Amino acid sequence: MEAFVFVFVVLVLCGCAAGKECTNIPTQSHTLRYQLLTSKNGRLEEKAMSHFHLTPTDESEWADLLPRKLLTEQHQHDWAVMYKNIKNMGVFKSPEGFLKEVPLQDVRLHEDSIHGIAQQTNLEYLLMLDVDSLIWSFRKTAGLSTPGTPYGGWEAPDVELRGHFVGHYLSASALMWAITQNDTLKQKMSYLVAGLSDCQKKIGTGYLSAFPSELFDRFEAIQEVWAPYYTIHKILAGLLDQHTFAGNPQALKMVTWMVDYFYNRVQTVITKYTLNRHYESLNEETGGMNDVLYKLYIITGDSKHLLLAHLFDKPCFLGLLAVQANDIADFHANTHIPVVVGSQMRYEITGDPLYQQIGTFFMDLVNSSHSYATGGTSVSEFWSDPKRMADTLKTTENEESCTTYNMLKVSRHLFKWTKEVSYADYYERALTNGVLSIQRGTDPGVMIYMLPLGLGVSKAKTYHSWGTPFDSFWCCYGTGIESFSKLGDSIYFEEEGKDPTLYIIQYISSSFNWKSGKVLLNQTVDPVASWDPYLRVAFTFSPFENTLTTNSTLNFRLPTWTHLDGAKGILNAETLSLPSPGNYLSITRQWSGSDKLTLQLPLTVRTEAIKDDRPEYASVQAILYGPYLLAGHTTGVDWDLKAGANNSDWITPIPASYNSQLVSFSQDFENSTFILANSNQSLAMQKLPLSGTDLALQATFRLVVLNESSSKFSTLADANGKSVMLEPFDFPGMNVVNQGADKPLLIIDSSHGGTSSVFLVVPGLDGRNETISLESQSYNGCYVYSGMSSIAGVKLSCKSGSDASFNQATSFVAQKGLSQYNPISFVAKGANRNFLLEPLFSFRDEHYTVYFNIQG
């Protein structure tokens, strides 16, 4: 083994000074590729790398790939000797003891849970898409008739990456069908596979793509082209998922025919030129070709599939990881993470420990030097300098969604190998903050490319902004529909052994039909709230009928973010002894229908410094509540917080009762509805905004009732006749104040308000039952007055006589607030203002800040 590693390192490091050429140089993002393609401007430079490393398993296949035409006899001899030496070192044994994935079709998410709602939103999108539009370019390429209309964006007929989303759709629909058994989706994906099969048969060579094979001619000639193998990987992976998860035998035949075609193409390149020339072409992005080919080999056992998988490993990049070089800055992140995922599959198949070490080191490297508090990575699609993450907050192009999708795969492999809680914790963090955050509420087909993490950013105001259902189809749309289709795939893992053993590593409301344990397990997670600092999970059990129950073991993850003080585990009436966080609560018994297990895990607020080792950035920190990353509602540059000795000194939960106190004030004027809103800390009338926007926040106020034993009221009518203060939703701790008659109303710190911040709620002066007016307590007969114009500022105006226009301008329809507090909401004390903090995944179009300057 040591000799093998030595050979590997020598081969990889020859010419390592040119290491940055081991990428798609010039390194260009997908965004730039699309710009160049659509603008018909710009050229890709032609640079390459001459590193190689290969350990095939079949000598005849190796000989077929020898570049005999261009090698001298001596070179051929040396080549053969090297192969013989590697082969004679012995065949690694496939490792044992890994945890097993449970069948996705045996898992069901609870429909009313966060994850269940996200899954349903994605299902609605998958059902919205038209199959004829998806495969329009495939049919065009194959010379078939083209019913329907092609989609736009990256699936448009003139875009070289067209077809990539179709591959993702194949995967997403198979995964979604497995967990939902939706009949309509089954029909759509079966029609899609059949349509693609017709295209492949018409071409007749095994080739299948939405673009002609001429793109591969350019790829092999090291000419400008947009990642054709990237798209082929998506199609292969999608068809393989249709076979694996949807049981479609036609899909597997299509995959093997496609792979035969590309095996012959790669063989021709190496025979005509050299193996080095093939590796030069890999400097163009190839997606997870090695990964899907290793998976295919597991199914077929065909040595050609294993050999071709080896040929899509990227040795110059894996070599850097093999020698544990912290040298991935400026590499295109999502080009290389799938290569690592493929190398992890190589370890699982061959048992070569080098690839185990590569995967482990890579995860440690990204987490220690290149990751955000979300668990995501990359800036403008690339890795930046290690431990210099503060510099990346200057742009909105943070955390490409594709990278999170693939990093979850890396951590999932590592967890299966090791059972380490830290990898399950990472998965939870990235899934909760990096995946759930890319959907726009429950709008089907509206997702983002990049997750901005800087100061005063918004998901709606980046280079890409929110995508659209039928005209975006970015790479992150493809990985997005997959991510939301497999939300149930990493909750439960099985361990083989004498007795059935199950690991429950994610607390997600779901049921699992555990066949080897002969029991239906139901997991219910109570909605998490800031005012109740516990994650509460209940498990119930329904043993299969007419079966003999046996002992089985359940292992429950105790996350590293919790602590034992206040933690509880109760099985029926028995209080269990819990291990320390970072371990598993393990219970072995014959599970019965009367059993109930509850877990209570304390949630704590904590801060986490950005990955930046420069002292001046030590105070740049994110705030987390258990696994939930909190973001502050903010549109400006104010980001200073002053932490106290205890968290309760500077960050406090918002009580559940506050949602009943939220109100918005509207008026109708010239056939439009206007709303009272905070505008630069003064009040103005604005046109009725959409929910989930900054203006919806600014048009929401908390009605603080004074001199009441309980500040909770069931309806807004309960506030009539009461003295109240108005606290802006997005400026907690501040109040609306008046400065006297005919002067604008301002928003200032509540400690400076005095009686000028108190208003009496009275029936609307216009005499309508549905309106109220707000009379100043310090200026009797003076009311909040809109001026009946969206341009004029809102002021305090005093009544003189009977004036219908005055009565109308001082009468507002009080309604439920346009915005509502998330159950996980806090107020953090800032140096100049307080911040409302809520989970990042709850934000839509509002501006927010993730990293604060926290002193103390």
# chains A, B, ... in the order shown; residues from 1 in each chain; ligands from 1
$ select_by_dssp --residues "segment 113-189 of chain A" --states "helix (DSSP H, G or I)" --output "JSON, numbers by chain"
{"A": [114, 115, 116, 117, 118, 119, 120, 121, 122, 123, 124, 125, 126, 127, 128, 131, 132, 133, 134, 136, 137, 138, 139, 140, 141, 142, 153, 154, 155, 164, 165, 166, 167, 168, 169, 170, 171, 172, 173, 174, 175, 176, 177, 178, 179, 180, 183, 184, 185, 186, 187, 188, 189]}
$ residues_around --residues "segment 802-805 of chain A" --least-positions-apart "5" --cutoff "10 Å" --atoms "only C-alpha atoms" --output "list in words"
Leu765, Asp766, Gly787, Met788 and Thr810 of chain A
$ write_last_selection --atoms "all heavy atoms" --output "CSV table (one decimal), in the first residue's frame"
chain,number,residue,atom,x,y,z
A,765,LEU,N,-63.4,58.4,12.9
A,765,LEU,CA,-64.1,59.6,12.8
A,765,LEU,C,-65.0,59.7,11.6
A,765,LEU,O,-65.9,60.5,11.6
A,765,LEU,CB,-63.0,60.8,12.8
A,765,LEU,CG,-62.1,60.9,14.0
A,765,LEU,CD1,-61.3,62.2,13.9
A,765,LEU,CD2,-62.9,61.0,15.3
A,766,ASP,N,-64.7,58.8,10.6
A,766,ASP,CA,-65.6,58.8,9.5
A,766,ASP,C,-66.9,58.1,9.7
A,766,ASP,O,-67.8,58.0,8.8
A,766,ASP,CB,-64.9,58.2,8.3
A,766,ASP,CG,-64.5,56.7,8.5
A,766,ASP,OD1,-64.8,56.2,9.6
A,766,ASP,OD2,-64.0,56.1,7.6
A,787,GLY,N,-53.3,62.7,5.3
A,787,GLY,CA,-53.2,63.6,4.2
A,787,GLY,C,-53.8,63.1,2.9
A,787,GLY,O,-53.9,63.7,1.9
A,788,MET,N,-54.3,61.8,3.0
A,788,MET,CA,-54.9,61.1,1.8
A,788,MET,C,-54.1,61.2,0.6
A,788,MET,O,-54.5,61.4,-0.5
A,788,MET,CB,-56.3,61.7,1.5
A,788,MET,CG,-57.3,61.5,2.7
A,788,MET,SD,-57.6,59.8,3.1
A,788,MET,CE,-58.4,59.2,1.6
A,810,THR,N,-58.1,60.6,8.9
A,810,THR,CA,-57.7,60.2,10.2
A,810,THR,C,-58.4,58.8,10.5
A,810,THR,O,-58.2,58.4,11.7
A,810,THR,CB,-58.1,61.2,11.3
A,810,THR,OG1,-59.5,61.5,11.2
A,810,THR,CG2,-57.3,62.5,11.1
$ closest_residue --among "A:Ser691, A:Thr403, A:Ser660, A:Asn433" --to "Tyr628 of chain A" --atoms "only C-alpha atoms"
A:Asn433
$ residues_around --residues "segment 669-685 of chain A" --least-positions-apart "4" --cutoff "6 Å" --atoms "only C-alpha atoms" --output "PyMOL selection string"
chain A and resi 665+698-699+745-747+790+793-794
$ write_last_selection --atoms "all heavy atoms" --output "CSV table (one decimal), in the first residue's frame"
chain,number,residue,atom,x,y,z
A,665,PHE,N,-52.5,49.3,9.2
A,665,PHE,CA,-53.5,50.4,9.1
A,665,PHE,C,-53.6,50.8,7.6
A,665,PHE,O,-52.6,51.2,7.0
A,665,PHE,CB,-53.1,51.6,9.9
A,665,PHE,CG,-53.0,51.3,11.4
A,665,PHE,CD1,-51.7,51.0,12.0
A,665,PHE,CD2,-54.1,51.2,12.3
A,665,PHE,CE1,-51.6,50.7,13.3
A,665,PHE,CE2,-53.9,50.9,13.6
A,665,PHE,CZ,-52.7,50.7,14.1
A,698,GLN,N,-42.5,46.8,7.1
A,698,GLN,CA,-42.5,48.2,7.5
A,698,GLN,C,-44.0,48.7,7.7
A,698,GLN,O,-44.2,49.7,8.4
A,698,GLN,CB,-41.8,49.1,6.4
A,698,GLN,CG,-40.3,48.8,6.3
A,698,GLN,CD,-39.7,49.2,5.0
A,698,GLN,OE1,-40.4,49.8,4.2
A,698,GLN,NE2,-38.5,48.8,4.7
A,699,ALA,N,-44.9,48.0,7.2
A,699,ALA,CA,-46.3,48.4,7.3
A,699,ALA,C,-47.0,47.6,8.4
A,699,ALA,O,-48.2,47.6,8.5
A,699,ALA,CB,-47.1,48.1,6.0
A,745,LEU,N,-44.8,62.5,12.2
A,745,LEU,CA,-44.6,61.5,13.2
A,745,LEU,C,-43.3,60.8,13.0
A,745,LEU,O,-43.0,60.5,11.8
A,745,LEU,CB,-45.8,60.4,13.2
A,745,LEU,CG,-47.2,61.0,13.5
A,745,LEU,CD1,-48.3,60.0,13.2
A,745,LEU,CD2,-47.2,61.3,15.0
A,746,LEU,N,-42.6,60.5,14.1
A,746,LEU,CA,-41.3,59.9,13.9
A,746,LEU,C,-41.2,58.5,14.7
A,746,LEU,O,-42.1,58.2,15.4
A,746,LEU,CB,-40.2,60.8,14.5
A,746,LEU,CG,-40.1,62.2,13.9
A,746,LEU,CD1,-39.0,63.0,14.6
A,746,LEU,CD2,-39.7,62.1,12.4
A,747,ILE,N,-40.2,57.8,14.4
A,747,ILE,CA,-39.9,56.5,15.1
A,747,ILE,C,-38.6,56.7,15.9
A,747,ILE,O,-37.6,56.9,15.3
A,747,ILE,CB,-39.9,55.4,14.2
A,747,ILE,CG1,-41.3,55.2,13.5
A,747,ILE,CG2,-39.5,54.1,14.9
A,747,ILE,CD1,-41.3,54.2,12.4
A,790,SER,N,-50.2,59.3,-1.0
A,790,SER,CA,-49.1,58.5,-0.8
A,790,SER,C,-47.8,59.3,-0.8
A,790,SER,O,-46.7,58.7,-0.4
A,790,SER,CB,-49.0,57.4,-1.9
A,790,SER,OG,-48.8,58.0,-3.2
A,793,GLY,N,-46.2,63.1,3.9
A,793,GLY,CA,-45.9,62.4,5.1
A,793,GLY,C,-47.0,62.3,6.1
A,793,GLY,O,-47.9,63.2,6.1
A,794,VAL,N,-47.0,61.4,7.0
A,794,VAL,CA,-48.1,61.2,8.0
A,794,VAL,C,-47.7,62.1,9.2
A,794,VAL,O,-46.6,62.2,9.6
A,794,VAL,CB,-48.2,59.8,8.4
A,794,VAL,CG1,-49.2,59.7,9.6
A,794,VAL,CG2,-48.7,58.9,7.2
$ residues_around --residues "segment 422-424 of chain A" --least-positions-apart "5" --cutoff "7 Å" --atoms "only C-alpha atoms" --output "list in words"
Ser411, Leu414, Phe415, Ile505 and Gly582 of chain A
$ write_last_selection --atoms "N, CA and C atoms" --output "CSV table (one decimal), in the first residue's frame"
chain,number,residue,atom,x,y,z
A,411,SER,N,-20.9,14.5,3.2
A,411,SER,CA,-21.1,14.3,4.6
A,411,SER,C,-21.9,13.0,4.8
A,414,LEU,N,-19.6,10.0,4.5
A,414,LEU,CA,-18.7,10.0,5.7
A,414,LEU,C,-19.5,9.5,6.9
A,415,PHE,N,-20.8,9.9,7.1
A,415,PHE,CA,-21.5,9.4,8.2
A,415,PHE,C,-21.8,7.9,8.1
A,505,ILE,N,-31.0,9.9,12.9
A,505,ILE,CA,-30.0,11.0,12.9
A,505,ILE,C,-30.6,12.3,12.6
A,582,GLY,N,-23.2,14.6,21.2
A,582,GLY,CA,-22.2,14.1,20.3
A,582,GLY,C,-22.2,12.6,20.3
$ atom_distance --atom1 "atom CA of Arg277 of chain A" --atom2 "atom CA of Asp217 of chain A"
13.3 Å
$ decode --residues "segment 417-492 of chain A" --atoms "C-alpha atoms" --output "PDB file, in the first residue's frame"
ATOM      1  CA  TRP A 417     -18.646   5.010   7.118  1.00  0.00           C
ATOM      2  CA  THR A 418     -18.089   6.335  10.623  1.00  0.00           C
ATOM      3  CA  LYS A 419     -21.472   6.870  12.381  1.00  0.00           C
ATOM      4  CA  GLU A 420     -19.940  10.064  13.758  1.00  0.00           C
ATOM      5  CA  VAL A 421     -22.506  12.508  15.093  1.00  0.00           C
ATOM      6  CA  SER A 422     -20.518  15.463  13.750  1.00  0.00           C
ATOM      7  CA  TYR A 423     -21.316  14.471  10.162  1.00  0.00           C
ATOM      8  CA  ALA A 424     -25.009  14.103  10.990  1.00  0.00           C
ATOM      9  CA  ASP A 425     -24.882  17.527  12.679  1.00  0.00           C
ATOM     10  CA  TYR A 426     -23.361  19.005   9.532  1.00  0.00           C
ATOM     11  CA  TYR A 427     -26.077  17.414   7.409  1.00  0.00           C
ATOM     12  CA  GLU A 428     -28.744  18.910   9.648  1.00  0.00           C
ATOM     13  CA  ARG A 429     -27.169  22.361   9.516  1.00  0.00           C
ATOM     14  CA  ALA A 430     -26.732  22.437   5.743  1.00  0.00           C
ATOM     15  CA  LEU A 431     -30.175  20.961   5.075  1.00  0.00           C
ATOM     16  CA  THR A 432     -31.941  23.344   7.474  1.00  0.00           C
ATOM     17  CA  ASN A 433     -30.165  26.531   6.465  1.00  0.00           C
ATOM     18  CA  GLY A 434     -28.715  25.889   3.017  1.00  0.00           C
ATOM     19  CA  VAL A 435     -31.515  23.880   1.395  1.00  0.00           C
ATOM     20  CA  LEU A 436     -34.766  25.028   3.026  1.00  0.00           C
ATOM     21  CA  SER A 437     -33.628  28.625   2.460  1.00  0.00           C
ATOM     22  CA  ILE A 438     -33.597  28.432  -1.347  1.00  0.00           C
ATOM     23  CA  GLN A 439     -37.359  28.053  -1.849  1.00  0.00           C
ATOM     24  CA  ARG A 440     -39.493  31.199  -1.932  1.00  0.00           C
ATOM     25  CA  GLY A 441     -42.096  30.206   0.616  1.00  0.00           C
ATOM     26  CA  THR A 442     -44.703  27.933  -0.965  1.00  0.00           C
ATOM     27  CA  ASP A 443     -44.318  29.342  -4.490  1.00  0.00           C
ATOM     28  CA  PRO A 444     -43.750  26.328  -6.779  1.00  0.00           C
ATOM     29  CA  GLY A 445     -40.749  26.671  -9.060  1.00  0.00           C
ATOM     30  CA  VAL A 446     -39.330  29.819  -7.457  1.00  0.00           C
ATOM     31  CA  MET A 447     -35.816  29.190  -6.149  1.00  0.00           C
ATOM     32  CA  ILE A 448     -32.488  30.973  -5.960  1.00  0.00           C
ATOM     33  CA  TYR A 449     -29.057  30.326  -7.439  1.00  0.00           C
ATOM     34  CA  MET A 450     -26.934  31.952  -4.731  1.00  0.00           C
ATOM     35  CA  LEU A 451     -27.751  32.365  -1.040  1.00  0.00           C
ATOM     36  CA  PRO A 452     -26.478  35.856  -0.099  1.00  0.00           C
ATOM     37  CA  LEU A 453     -24.913  36.111   3.355  1.00  0.00           C
ATOM     38  CA  GLY A 454     -23.519  39.644   3.540  1.00  0.00           C
ATOM     39  CA  LEU A 455     -24.705  42.845   5.200  1.00  0.00           C
ATOM     40  CA  GLY A 456     -28.237  44.023   4.387  1.00  0.00           C
ATOM     41  CA  VAL A 457     -28.761  41.521   1.569  1.00  0.00           C
ATOM     42  CA  SER A 458     -31.927  40.050   0.069  1.00  0.00           C
ATOM     43  CA  LYS A 459     -32.615  36.850  -1.819  1.00  0.00           C
ATOM     44  CA  ALA A 460     -34.678  38.954  -4.212  1.00  0.00           C
ATOM     45  CA  LYS A 461     -31.914  41.436  -4.933  1.00  0.00           C
ATOM     46  CA  THR A 462     -28.901  39.514  -6.211  1.00  0.00           C
ATOM     47  CA  TYR A 463     -27.481  39.126  -9.718  1.00  0.00           C
ATOM     48  CA  HIS A 464     -29.914  36.287 -10.434  1.00  0.00           C
ATOM     49  CA  SER A 465     -32.645  37.114  -7.919  1.00  0.00           C
ATOM     50  CA  TRP A 466     -35.462  34.567  -7.708  1.00  0.00           C
ATOM     51  CA  GLY A 467     -35.810  32.276 -10.680  1.00  0.00           C
ATOM     52  CA  THR A 468     -39.015  31.646 -12.595  1.00  0.00           C
ATOM     53  CA  PRO A 469     -40.693  28.273 -13.140  1.00  0.00           C
ATOM     54  CA  PHE A 470     -40.279  28.104 -16.926  1.00  0.00           C
ATOM     55  CA  ASP A 471     -37.413  30.401 -17.914  1.00  0.00           C
ATOM     56  CA  SER A 472     -34.506  29.861 -15.508  1.00  0.00           C
ATOM     57  CA  PHE A 473     -33.463  26.203 -15.227  1.00  0.00           C
ATOM     58  CA  TRP A 474     -30.112  27.110 -13.709  1.00  0.00           C
ATOM     59  CA  CYS A 475     -27.866  24.347 -12.417  1.00  0.00           C
ATOM     60  CA  CYS A 476     -29.210  25.168  -8.949  1.00  0.00           C
ATOM     61  CA  TYR A 477     -32.760  24.613 -10.170  1.00  0.00           C
ATOM     62  CA  GLY A 478     -31.764  21.082 -11.073  1.00  0.00           C
ATOM     63  CA  THR A 479     -30.111  20.308  -7.760  1.00  0.00           C
ATOM     64  CA  GLY A 480     -32.926  22.195  -6.026  1.00  0.00           C
ATOM     65  CA  ILE A 481     -35.703  19.954  -7.308  1.00  0.00           C
ATOM     66  CA  GLU A 482     -33.614  16.945  -6.279  1.00  0.00           C
ATOM     67  CA  SER A 483     -32.932  18.314  -2.798  1.00  0.00           C
ATOM     68  CA  PHE A 484     -36.617  18.903  -2.093  1.00  0.00           C
ATOM     69  CA  SER A 485     -37.516  15.484  -3.479  1.00  0.00           C
ATOM     70  CA  LYS A 486     -35.220  13.601  -1.108  1.00  0.00           C
ATOM     71  CA  LEU A 487     -35.828  15.373   2.182  1.00  0.00           C
ATOM     72  CA  GLY A 488     -36.566  11.982   3.709  1.00  0.00           C
ATOM     73  CA  ASP A 489     -33.460  10.156   2.554  1.00  0.00           C
ATOM     74  CA  SER A 490     -31.126  10.770   5.502  1.00  0.00           C
ATOM     75  CA  ILE A 491     -33.380  10.541   8.545  1.00  0.00           C
ATOM     76  CA  TYR A 492     -32.919   6.814   9.181  1.00  0.00           C
TER      77      TYR A 492
END
